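**Student:** First the structure, which I've put down as C-alpha cells, then a few questions once you've had a look.
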Amino acid sequence: MDVQIESSWKAVLRQEFTKPYFQQIVALLKTEKAQGKTIYPPGPLLFNAFAQTPFDAVKVVILGQDPYHGPGQAHGLCFSVPESVAPPPSLMNIFKEIESDIGVGMPARYGNLTHWAQQGVLLLNAFLSVRANEPASHSKIGWETFTNQVIAILSEKKQGVVFLLWGRFAQEKQALIDETRHFVLKAAHPSPFSADKGFFGCRHFSKTNELLVQQGFAPIDWKLP
C-alpha cells in the first residue's frame with residue numbers, strides 16, 4: 001500500500017500502527033488488491049484527512065461513516081468529493097444548511113471540502129476504505145478500532161475541539177470525548193432520509209465559529225473557493 005501519513009499524526013498514532021489489528025487491516029487490503037478488487041479511496045488517499053489536517057491544527061471534527069463506493073467519489077475526506085464529481089445528496093443538504101445558517105452561497109456542482117480541512121476541520125470517516133459498489137464492506141476489518149483511538153487521542157491531548165456528530169452512528173462516539181475539555185454538537189444526519197428530522201436548522205456552522213472565537217481561535221471560512 002502506498003500509504004503516507006502526516007508527521008504529527010504519525011507521532012501520536014505510532015503505537016497503533018504496530019498493533020496486530022492494524023497489521024491485519026494492511027494484510028487484508030493487500031490481499032484484496034492482489035485479488036483484483038477495487039478499493040476506494042485509492043491507496044495514497046486512504047489517510048488524506050490526516051494529510052490535510054495535521055494533529056496540531058485540528059480545531060473541528062466532522063465524523064462520517066463509510067467512504068463513497070462509486071467510481072471517483074472517495075478521496076479520503078468524509079462527505080467530500082473531488083472537483084470532477086457532483087456533490088452527493090448529503091453534501092447538498094450540508095450546503096443548504098450553511099446557506100441558511102450563515103447566508104453564504106454554496107456551489108451546486110463542486111463538493112471538494114479540502115478548503116475546510118486545511119483550516120483545521122478533520123473530515124474523518126469511521127471506516128477508511130470500502131470495496132467498489134459494496135457499502136460498509138470494510139466496516140468490520142478493524143478501521144473502527146483505529147478511528148476510535150484517533151478520537152480518544154484528540155480528546156486526551158487537545159483542548160477545545162468542536163466535534164460535530166450527525167446521526168446515530170456518529171453520536172455513539174460521544175462516549176470517547178471528554179466534554180469537560182471539548183464541545184459536542186449533535187444533530188440528525190444530513191442524508192435526504194433524515195435531514196428534515198433535525199439537521200436542517202441545527203446551525204452547527206455558526207455555532208462552531210462562535211465556540212472557536214470564544215477560545216481565541218480563527219473561525220472556519222465555510223464558503224468554498
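For the C-alpha cells, the naming scheme is as follows: chains receive sequential letters (A, B, ...) according to their order of presentation, residues are indexed from 1 within each chain, and ligands are indexed from 1 in presentation order.
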Dump as CSV the rows for residues of stretch 125-218 of chain A within 9 Å of stretch 44-59 of chain A: closest atom pair and distance in Å with one decimal, only C-alpha atoms counted, ordered by chain and rising residue number.
**Tutor:**
residue,atom,partner,partner_atom,distance
A:Asn125,CA,A:Ala49,CA,8.6
A:Leu128,CA,A:Leu46,CA,6.1
A:Ser129,CA,A:Leu46,CA,6.9
A:Leu154,CA,A:Phe55,CA,8.0
A:Lys158,CA,A:Asp56,CA,8.4
A:Gln159,CA,A:Lys59,CA,8.8
A:Gly160,CA,A:Lys59,CA,7.4
A:Val161,CA,A:Lys59,CA,4.9
A:Val162,CA,A:Lys59,CA,6.4
A:Phe163,CA,A:Lys59,CA,8.7
A:Leu212,CA,A:Lys59,CA,7.7
A:Phe217,CA,A:Lys59,CA,8.3
**Student:** Which residues are near A:Arg131? Cut-off 7 Å, only C-alpha atoms, ignore same chain within fewer than 4 positions. Put them as a PyMOL selection string.
**Tutor:** chain A and resi 38-40+69+137
**Student:** So that I can see what lies close to stretch 74-85 of chain A, please list as an MDAnalysis selection string the residues with an atom at most 8 Å from it, counting only C-alpha atoms and leaving out residues fewer than 2 positions away in the same chain.
**Tutor:** chainID A and resid 40:42 45:49 62:72 87 90:91 109:114 123:125 128
**Student:** For A:Phe127, find every residue with an atom within 6 Å (counting only C-alpha atoms), except residues of its own chain fewer than 6 positions away, and show them as a list of chain:residue names.
**Tutor:**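 Returned residues: A:Asp66, A:Ser139, A:Trp143, A:Glu144.
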**Student:** Applying 9 Å and only C-alpha atoms, which residues near stretch 104-106 of chain A remain after dropping the ones on its own chain fewer than 3 positions away? List them as a list in words.
**Tutor:**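 Near neighbours after the sequence-gap exclusion: Met92, Phe95, Lys96, Ile98, Glu99, Ser100, Asp101, Tyr110, Trp222, Lys223 and Leu224 of chain A.
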**Student:** Could you dump the residues just selected with all heavy atoms as a short mmCIF file (atom, residue, chain, number, x, y, z; two decimals), in the first residue's frame?
**Tutor:**
data_model
loop_
_atom_site.label_atom_id
_atom_site.label_comp_id
_atom_site.auth_asym_id
_atom_site.auth_seq_id
_atom_site.Cartn_x
_atom_site.Cartn_y
_atom_site.Cartn_z
N MET A 92 -25.14 18.08 -0.47
CA MET A 92 -26.01 19.17 -0.89
C MET A 92 -26.83 19.68 0.29
O MET A 92 -27.07 20.89 0.43
CB MET A 92 -26.93 18.72 -2.03
CG MET A 92 -26.23 18.46 -3.35
SD MET A 92 -25.29 19.90 -3.95
CE MET A 92 -26.60 21.10 -4.18
N PHE A 95 -24.69 21.85 2.40
CA PHE A 95 -24.58 23.17 1.78
C PHE A 95 -25.84 24.02 2.03
O PHE A 95 -25.76 25.22 2.28
CB PHE A 95 -24.34 23.03 0.27
CG PHE A 95 -22.97 22.55 -0.11
CD1 PHE A 95 -22.67 22.25 -1.43
CD2 PHE A 95 -21.96 22.42 0.84
CE1 PHE A 95 -21.40 21.82 -1.81
CE2 PHE A 95 -20.69 21.98 0.48
CZ PHE A 95 -20.41 21.67 -0.84
N LYS A 96 -27.02 23.37 1.95
CA LYS A 96 -28.27 24.10 2.20
C LYS A 96 -28.29 24.67 3.62
O LYS A 96 -28.72 25.81 3.84
CB LYS A 96 -29.48 23.18 2.01
CG LYS A 96 -29.80 22.84 0.56
CD LYS A 96 -30.98 21.87 0.49
CE LYS A 96 -31.25 21.41 -0.93
NZ LYS A 96 -32.32 20.39 -0.98
N ILE A 98 -25.68 25.41 5.49
CA ILE A 98 -24.71 26.51 5.57
C ILE A 98 -25.32 27.79 5.02
O ILE A 98 -25.20 28.87 5.62
CB ILE A 98 -23.41 26.15 4.82
CG1 ILE A 98 -22.67 25.03 5.56
CG2 ILE A 98 -22.50 27.37 4.67
CD1 ILE A 98 -21.46 24.49 4.81
N GLU A 99 -25.98 27.68 3.88
CA GLU A 99 -26.61 28.86 3.27
C GLU A 99 -27.66 29.46 4.20
O GLU A 99 -27.72 30.68 4.37
CB GLU A 99 -27.23 28.49 1.92
CG GLU A 99 -26.19 28.17 0.84
CD GLU A 99 -26.81 27.75 -0.48
OE1 GLU A 99 -28.00 27.37 -0.49
OE2 GLU A 99 -26.10 27.81 -1.50
N SER A 100 -28.46 28.60 4.81
CA SER A 100 -29.50 29.06 5.72
C SER A 100 -28.90 29.65 7.00
O SER A 100 -29.38 30.67 7.53
CB SER A 100 -30.43 27.90 6.07
OG SER A 100 -31.31 28.23 7.11
N ASP A 101 -27.84 29.01 7.51
CA ASP A 101 -27.25 29.37 8.79
C ASP A 101 -26.45 30.66 8.71
O ASP A 101 -26.65 31.59 9.51
CB ASP A 101 -26.37 28.21 9.27
CG ASP A 101 -25.74 28.44 10.63
OD1 ASP A 101 -26.14 29.39 11.34
OD2 ASP A 101 -24.85 27.66 10.99
N TYR A 110 -19.83 21.57 -7.11
CA TYR A 110 -18.47 21.44 -6.58
C TYR A 110 -18.58 20.98 -5.13
O TYR A 110 -19.28 21.60 -4.33
CB TYR A 110 -17.76 22.80 -6.65
CG TYR A 110 -16.36 22.85 -6.08
CD1 TYR A 110 -15.26 22.62 -6.90
CD2 TYR A 110 -16.14 23.15 -4.74
CE1 TYR A 110 -13.97 22.68 -6.38
CE2 TYR A 110 -14.86 23.21 -4.22
CZ TYR A 110 -13.77 22.97 -5.05
OH TYR A 110 -12.50 23.03 -4.55
N TRP A 222 -16.42 28.73 5.88
CA TRP A 222 -17.16 27.60 5.33
C TRP A 222 -17.42 27.73 3.83
O TRP A 222 -17.71 26.75 3.15
CB TRP A 222 -18.50 27.42 6.05
CG TRP A 222 -18.37 27.12 7.51
CD1 TRP A 222 -18.66 27.95 8.55
CD2 TRP A 222 -17.92 25.89 8.12
NE1 TRP A 222 -18.43 27.31 9.76
CE2 TRP A 222 -17.98 26.05 9.52
CE3 TRP A 222 -17.48 24.66 7.60
CZ2 TRP A 222 -17.61 25.04 10.41
CZ3 TRP A 222 -17.12 23.66 8.49
CH2 TRP A 222 -17.19 23.85 9.88
N LYS A 223 -17.32 28.94 3.31
CA LYS A 223 -17.57 29.14 1.86
C LYS A 223 -16.45 28.50 1.07
O LYS A 223 -15.28 28.67 1.39
CB LYS A 223 -17.66 30.64 1.54
CG LYS A 223 -18.03 30.93 0.10
CD LYS A 223 -18.24 32.43 -0.13
CE LYS A 223 -18.49 32.76 -1.58
NZ LYS A 223 -19.74 32.11 -2.07
N LEU A 224 -16.82 27.76 0.05
CA LEU A 224 -15.79 27.08 -0.75
C LEU A 224 -15.28 28.01 -1.83
O LEU A 224 -16.04 28.78 -2.42
CB LEU A 224 -16.36 25.81 -1.36
CG LEU A 224 -16.76 24.72 -0.35
CD1 LEU A 224 -17.31 23.50 -1.08
CD2 LEU A 224 -15.58 24.32 0.53
#
**Student:** Kindly indicate which residue among A:Val150, A:Ala117, A:Val130, A:Ala188 lies nearest to A:Phe17, using only C-alpha atoms for the distances.
**Tutor:** A:Val150
**Student:** Can you check which residues of stretch 126-197 of chain A DSSP gives as strand (DSSP E) on the backbone and send them as a list of chain:residue names?
**Tutor:**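 So the strand (DSSP E) residues in stretch 126-197 of chain A would be A:Val130, A:Arg131, A:Val162, A:Phe163, A:Leu164, A:Leu165, A:Trp166, A:Phe183, A:Val184, A:Leu185, A:Lys186, A:Ala187.
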**Student:** DSSP says helix (DSSP H, G or I) for which residues of stretch 2-224 of chain A? Put them as a ChimeraX atom specification?
**Tutor:** /A:7-18,20-34,43-45,48-52,55-57,89-102,114-117,143-157,167-176,195-197,204-214
**Student:** Counting only C-alpha atoms, give me one row per residue of stretch 74-155 of chain A with an atom at most 7 Å from an atom of stretch 190-197 of chain A, showing the shortest contact pair and its distance in Å to one decimal, sorted by chain then residue number, as CSV.
**Tutor:**
residue,atom,partner,partner_atom,distance
A:Pro89,CA,A:Pro192,CA,6.6
A:Ser90,CA,A:Ser191,CA,4.5
A:Asn93,CA,A:Pro190,CA,5.8
A:Ile94,CA,A:Pro190,CA,6.3
**Student:** Using the selection just defined, write its residues with all heavy atoms as a PDB file, in the first residue's frame.
**Tutor:**
ATOM      1  N   PRO A  89     -26.188  13.769  -2.393  1.00  0.00           N
ATOM      2  CA  PRO A  89     -27.318  14.397  -1.686  1.00  0.00           C
ATOM      3  C   PRO A  89     -27.014  14.874  -0.261  1.00  0.00           C
ATOM      4  O   PRO A  89     -27.449  15.958   0.127  1.00  0.00           O
ATOM      5  CB  PRO A  89     -28.372  13.297  -1.687  1.00  0.00           C
ATOM      6  CG  PRO A  89     -28.070  12.481  -2.901  1.00  0.00           C
ATOM      7  CD  PRO A  89     -26.577  12.485  -3.023  1.00  0.00           C
ATOM      8  N   SER A  90     -26.282  14.087   0.529  1.00  0.00           N
ATOM      9  CA  SER A  90     -25.988  14.520   1.901  1.00  0.00           C
ATOM     10  C   SER A  90     -25.175  15.805   1.907  1.00  0.00           C
ATOM     11  O   SER A  90     -25.409  16.701   2.725  1.00  0.00           O
ATOM     12  CB  SER A  90     -25.235  13.428   2.666  1.00  0.00           C
ATOM     13  OG  SER A  90     -26.073  12.322   2.928  1.00  0.00           O
ATOM     14  N   ASN A  93     -27.272  18.780   1.159  1.00  0.00           N
ATOM     15  CA  ASN A  93     -28.028  19.205   2.338  1.00  0.00           C
ATOM     16  C   ASN A  93     -27.147  19.965   3.328  1.00  0.00           C
ATOM     17  O   ASN A  93     -27.607  20.908   3.983  1.00  0.00           O
ATOM     18  CB  ASN A  93     -28.686  18.000   3.009  1.00  0.00           C
ATOM     19  CG  ASN A  93     -29.886  17.495   2.238  1.00  0.00           C
ATOM     20  OD1 ASN A  93     -30.487  18.235   1.460  1.00  0.00           O
ATOM     21  ND2 ASN A  93     -30.259  16.241   2.459  1.00  0.00           N
ATOM     22  N   ILE A  94     -25.885  19.567   3.440  1.00  0.00           N
ATOM     23  CA  ILE A  94     -24.937  20.329   4.262  1.00  0.00           C
ATOM     24  C   ILE A  94     -24.807  21.747   3.710  1.00  0.00           C
ATOM     25  O   ILE A  94     -24.842  22.732   4.464  1.00  0.00           O
ATOM     26  CB  ILE A  94     -23.565  19.619   4.300  1.00  0.00           C
ATOM     27  CG1 ILE A  94     -23.666  18.312   5.099  1.00  0.00           C
ATOM     28  CG2 ILE A  94     -22.490  20.524   4.884  1.00  0.00           C
ATOM     29  CD1 ILE A  94     -22.439  17.414   4.996  1.00  0.00           C
TER      30      ILE A  94
END
**Student:** Can you pull out every residue within 12 Å of A:Gln15, counting only C-alpha atoms, but drop anything in the same chain fewer than 4 positions away, and send it as a PyMOL selection string?
**Tutor:** chain A and resi 9-11+19-23+146+149-150+153
**Student:** How about saving the chosen residues, N, CA and C atoms kept, as a PDB file, in the first residue's frame?
**Tutor:**
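As written to disk, result13.pdb reads:
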ATOM      1  N   TRP A   9       0.664  13.407  13.068  1.00  0.00           N
ATOM      2  CA  TRP A   9      -0.220  12.276  13.324  1.00  0.00           C
ATOM      3  C   TRP A   9       0.589  11.001  13.547  1.00  0.00           C
ATOM      4  N   LYS A  10       1.640  10.834  12.760  1.00  0.00           N
ATOM      5  CA  LYS A  10       2.486   9.653  12.912  1.00  0.00           C
ATOM      6  C   LYS A  10       3.021   9.565  14.334  1.00  0.00           C
ATOM      7  N   ALA A  11       3.372  10.720  14.899  1.00  0.00           N
ATOM      8  CA  ALA A  11       3.930  10.744  16.260  1.00  0.00           C
ATOM      9  C   ALA A  11       2.913  10.280  17.293  1.00  0.00           C
ATOM     10  N   LYS A  19       0.203  -2.409  16.207  1.00  0.00           N
ATOM     11  CA  LYS A  19      -0.687  -3.366  16.854  1.00  0.00           C
ATOM     12  C   LYS A  19      -1.197  -4.413  15.854  1.00  0.00           C
ATOM     13  N   PRO A  20      -1.464  -5.624  16.329  1.00  0.00           N
ATOM     14  CA  PRO A  20      -1.906  -6.698  15.435  1.00  0.00           C
ATOM     15  C   PRO A  20      -3.126  -6.342  14.583  1.00  0.00           C
ATOM     16  N   TYR A  21      -4.114  -5.643  15.167  1.00  0.00           N
ATOM     17  CA  TYR A  21      -5.323  -5.341  14.400  1.00  0.00           C
ATOM     18  C   TYR A  21      -4.998  -4.475  13.186  1.00  0.00           C
ATOM     19  N   PHE A  22      -4.033  -3.550  13.340  1.00  0.00           N
ATOM     20  CA  PHE A  22      -3.706  -2.676  12.214  1.00  0.00           C
ATOM     21  C   PHE A  22      -2.931  -3.442  11.147  1.00  0.00           C
ATOM     22  N   GLN A  23      -2.061  -4.333  11.575  1.00  0.00           N
ATOM     23  CA  GLN A  23      -1.352  -5.172  10.617  1.00  0.00           C
ATOM     24  C   GLN A  23      -2.329  -6.046   9.836  1.00  0.00           C
ATOM     25  N   PHE A 146      -9.254   1.705  14.986  1.00  0.00           N
ATOM     26  CA  PHE A 146      -8.262   2.745  14.708  1.00  0.00           C
ATOM     27  C   PHE A 146      -8.860   4.143  14.859  1.00  0.00           C
ATOM     28  N   GLN A 149      -9.645   5.250  18.305  1.00  0.00           N
ATOM     29  CA  GLN A 149      -8.438   5.675  19.005  1.00  0.00           C
ATOM     30  C   GLN A 149      -8.026   7.087  18.583  1.00  0.00           C
ATOM     31  N   VAL A 150      -8.239   7.421  17.325  1.00  0.00           N
ATOM     32  CA  VAL A 150      -7.967   8.788  16.861  1.00  0.00           C
ATOM     33  C   VAL A 150      -8.803   9.790  17.660  1.00  0.00           C
ATOM     34  N   ILE A 153      -7.571   9.989  21.303  1.00  0.00           N
ATOM     35  CA  ILE A 153      -6.304  10.723  21.429  1.00  0.00           C
ATOM     36  C   ILE A 153      -6.535  12.222  21.276  1.00  0.00           C
TER      37      ILE A 153
END
**Student:** Please determine, counting only C-alpha atoms, which residue among A:Ala218, A:Ala86, A:Ala152, A:Ala132 has the shortest atom-to-atom distance to A:Gln174.
**Tutor:**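 Nearest candidate to A:Gln174 out of A:Ala218, A:Ala86, A:Ala152, A:Ala132: A:Ala152.
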**Student:** Quick one: residues within 10 Å of A:Arg203, only C-alpha atoms, excluding same-chain residues fewer than 4 positions away - as a ChimeraX atom specification?
**Tutor:** /A:97-98,100-102,185,187,199,207-208
**Student:** Could you dump the residues just selected with all heavy atoms as a PDB file, in the first residue's frame?
**Tutor:**
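Below is the file part.pdb, written as the result:
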ATOM      1  N   GLU A  97     -27.818  23.872   4.580  1.00  0.00           N
ATOM      2  CA  GLU A  97     -27.809  24.339   5.966  1.00  0.00           C
ATOM      3  C   GLU A  97     -26.812  25.476   6.158  1.00  0.00           C
ATOM      4  O   GLU A  97     -27.095  26.436   6.886  1.00  0.00           O
ATOM      5  CB  GLU A  97     -27.498  23.176   6.918  1.00  0.00           C
ATOM      6  CG  GLU A  97     -27.385  23.567   8.384  1.00  0.00           C
ATOM      7  CD  GLU A  97     -28.644  24.221   8.951  1.00  0.00           C
ATOM      8  OE1 GLU A  97     -29.746  24.046   8.390  1.00  0.00           O
ATOM      9  OE2 GLU A  97     -28.524  24.924   9.983  1.00  0.00           O
ATOM     10  N   ILE A  98     -25.677  25.406   5.491  1.00  0.00           N
ATOM     11  CA  ILE A  98     -24.706  26.507   5.574  1.00  0.00           C
ATOM     12  C   ILE A  98     -25.319  27.789   5.015  1.00  0.00           C
ATOM     13  O   ILE A  98     -25.197  28.869   5.617  1.00  0.00           O
ATOM     14  CB  ILE A  98     -23.411  26.149   4.821  1.00  0.00           C
ATOM     15  CG1 ILE A  98     -22.666  25.032   5.562  1.00  0.00           C
ATOM     16  CG2 ILE A  98     -22.505  27.369   4.666  1.00  0.00           C
ATOM     17  CD1 ILE A  98     -21.463  24.490   4.805  1.00  0.00           C
ATOM     18  N   SER A 100     -28.458  28.603   4.811  1.00  0.00           N
ATOM     19  CA  SER A 100     -29.496  29.065   5.724  1.00  0.00           C
ATOM     20  C   SER A 100     -28.903  29.648   7.003  1.00  0.00           C
ATOM     21  O   SER A 100     -29.376  30.667   7.526  1.00  0.00           O
ATOM     22  CB  SER A 100     -30.430  27.901   6.067  1.00  0.00           C
ATOM     23  OG  SER A 100     -31.308  28.227   7.115  1.00  0.00           O
ATOM     24  N   ASP A 101     -27.844  29.010   7.507  1.00  0.00           N
ATOM     25  CA  ASP A 101     -27.254  29.372   8.790  1.00  0.00           C
ATOM     26  C   ASP A 101     -26.449  30.664   8.712  1.00  0.00           C
ATOM     27  O   ASP A 101     -26.653  31.591   9.510  1.00  0.00           O
ATOM     28  CB  ASP A 101     -26.371  28.210   9.267  1.00  0.00           C
ATOM     29  CG  ASP A 101     -25.743  28.437  10.628  1.00  0.00           C
ATOM     30  OD1 ASP A 101     -26.135  29.391  11.336  1.00  0.00           O
ATOM     31  OD2 ASP A 101     -24.849  27.657  10.994  1.00  0.00           O
ATOM     32  N   ILE A 102     -25.543  30.744   7.748  1.00  0.00           N
ATOM     33  CA  ILE A 102     -24.627  31.900   7.730  1.00  0.00           C
ATOM     34  C   ILE A 102     -24.766  32.769   6.482  1.00  0.00           C
ATOM     35  O   ILE A 102     -24.048  33.769   6.355  1.00  0.00           O
ATOM     36  CB  ILE A 102     -23.159  31.462   7.917  1.00  0.00           C
ATOM     37  CG1 ILE A 102     -22.725  30.477   6.828  1.00  0.00           C
ATOM     38  CG2 ILE A 102     -22.970  30.825   9.285  1.00  0.00           C
ATOM     39  CD1 ILE A 102     -21.247  30.102   6.932  1.00  0.00           C
ATOM     40  N   LEU A 185     -21.532  19.012  19.413  1.00  0.00           N
ATOM     41  CA  LEU A 185     -22.784  19.471  18.809  1.00  0.00           C
ATOM     42  C   LEU A 185     -23.402  18.290  18.065  1.00  0.00           C
ATOM     43  O   LEU A 185     -22.749  17.659  17.238  1.00  0.00           O
ATOM     44  CB  LEU A 185     -22.526  20.628  17.838  1.00  0.00           C
ATOM     45  CG  LEU A 185     -21.878  21.898  18.422  1.00  0.00           C
ATOM     46  CD1 LEU A 185     -21.682  22.947  17.323  1.00  0.00           C
ATOM     47  CD2 LEU A 185     -22.723  22.468  19.557  1.00  0.00           C
ATOM     48  N   ALA A 187     -26.771  16.520  15.870  1.00  0.00           N
ATOM     49  CA  ALA A 187     -27.945  16.757  15.014  1.00  0.00           C
ATOM     50  C   ALA A 187     -28.234  15.484  14.249  1.00  0.00           C
ATOM     51  O   ALA A 187     -27.445  14.527  14.270  1.00  0.00           O
ATOM     52  CB  ALA A 187     -27.683  17.913  14.039  1.00  0.00           C
ATOM     53  N   PHE A 199     -31.453  17.996  11.206  1.00  0.00           N
ATOM     54  CA  PHE A 199     -30.213  18.565  10.659  1.00  0.00           C
ATOM     55  C   PHE A 199     -30.483  19.980  10.159  1.00  0.00           C
ATOM     56  O   PHE A 199     -29.771  20.919  10.514  1.00  0.00           O
ATOM     57  CB  PHE A 199     -29.631  17.706   9.540  1.00  0.00           C
ATOM     58  CG  PHE A 199     -28.359  18.299   8.976  1.00  0.00           C
ATOM     59  CD1 PHE A 199     -27.171  18.191   9.669  1.00  0.00           C
ATOM     60  CD2 PHE A 199     -28.368  19.010   7.776  1.00  0.00           C
ATOM     61  CE1 PHE A 199     -26.001  18.777   9.186  1.00  0.00           C
ATOM     62  CE2 PHE A 199     -27.217  19.592   7.274  1.00  0.00           C
ATOM     63  CZ  PHE A 199     -26.026  19.475   7.984  1.00  0.00           C
ATOM     64  N   LYS A 207     -22.542  28.064  15.086  1.00  0.00           N
ATOM     65  CA  LYS A 207     -22.241  27.709  16.475  1.00  0.00           C
ATOM     66  C   LYS A 207     -20.783  27.292  16.630  1.00  0.00           C
ATOM     67  O   LYS A 207     -20.118  27.644  17.621  1.00  0.00           O
ATOM     68  CB  LYS A 207     -23.163  26.579  16.943  1.00  0.00           C
ATOM     69  CG  LYS A 207     -24.607  27.012  17.155  1.00  0.00           C
ATOM     70  CD  LYS A 207     -25.488  25.820  17.535  1.00  0.00           C
ATOM     71  CE  LYS A 207     -26.933  26.245  17.729  1.00  0.00           C
ATOM     72  NZ  LYS A 207     -27.824  25.090  18.021  1.00  0.00           N
ATOM     73  N   THR A 208     -20.266  26.538  15.665  1.00  0.00           N
ATOM     74  CA  THR A 208     -18.854  26.143  15.699  1.00  0.00           C
ATOM     75  C   THR A 208     -17.960  27.368  15.722  1.00  0.00           C
ATOM     76  O   THR A 208     -17.019  27.465  16.528  1.00  0.00           O
ATOM     77  CB  THR A 208     -18.522  25.264  14.484  1.00  0.00           C
ATOM     78  OG1 THR A 208     -19.230  24.023  14.594  1.00  0.00           O
ATOM     79  CG2 THR A 208     -17.029  24.987  14.391  1.00  0.00           C
TER      80      THR A 208
END
**Student:** Which of these residues is nearest to A:Gln118, using only C-alpha atoms: A:Phe200, A:Val60, A:Phe183, A:Val12?
**Tutor:**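 Selected residue with least distance to A:Gln118: A:Val60.
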**Student:** Work out how far atom CA of A:Lys173 is from atom CA of A:His138, in Å to one decimal.
**Tutor:**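 These atoms are spaced 18.5 Å apart.
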**Student:** Tell me, in Å to one decimal, how far atom CA of A:Ile151 is from atom CA of A:Leu164.
**Tutor:**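 Calculated distance between atom CA of A:Ile151 and atom CA of A:Leu164 is 12.1 Å.
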**Student:** Atom CA of A:Ile141 to atom CA of A:Glu32: how many Å, to one decimal?
**Tutor:**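 Pair atom CA of A:Ile141 / atom CA of A:Glu32 returns 12.1 Å.
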**Student:** Have a look at A:Asn148, A:Gln171, A:Ser206, A:Gln73 and name the one nearest to A:Glu16; count only C-alpha atoms.
**Tutor:** A:Asn148
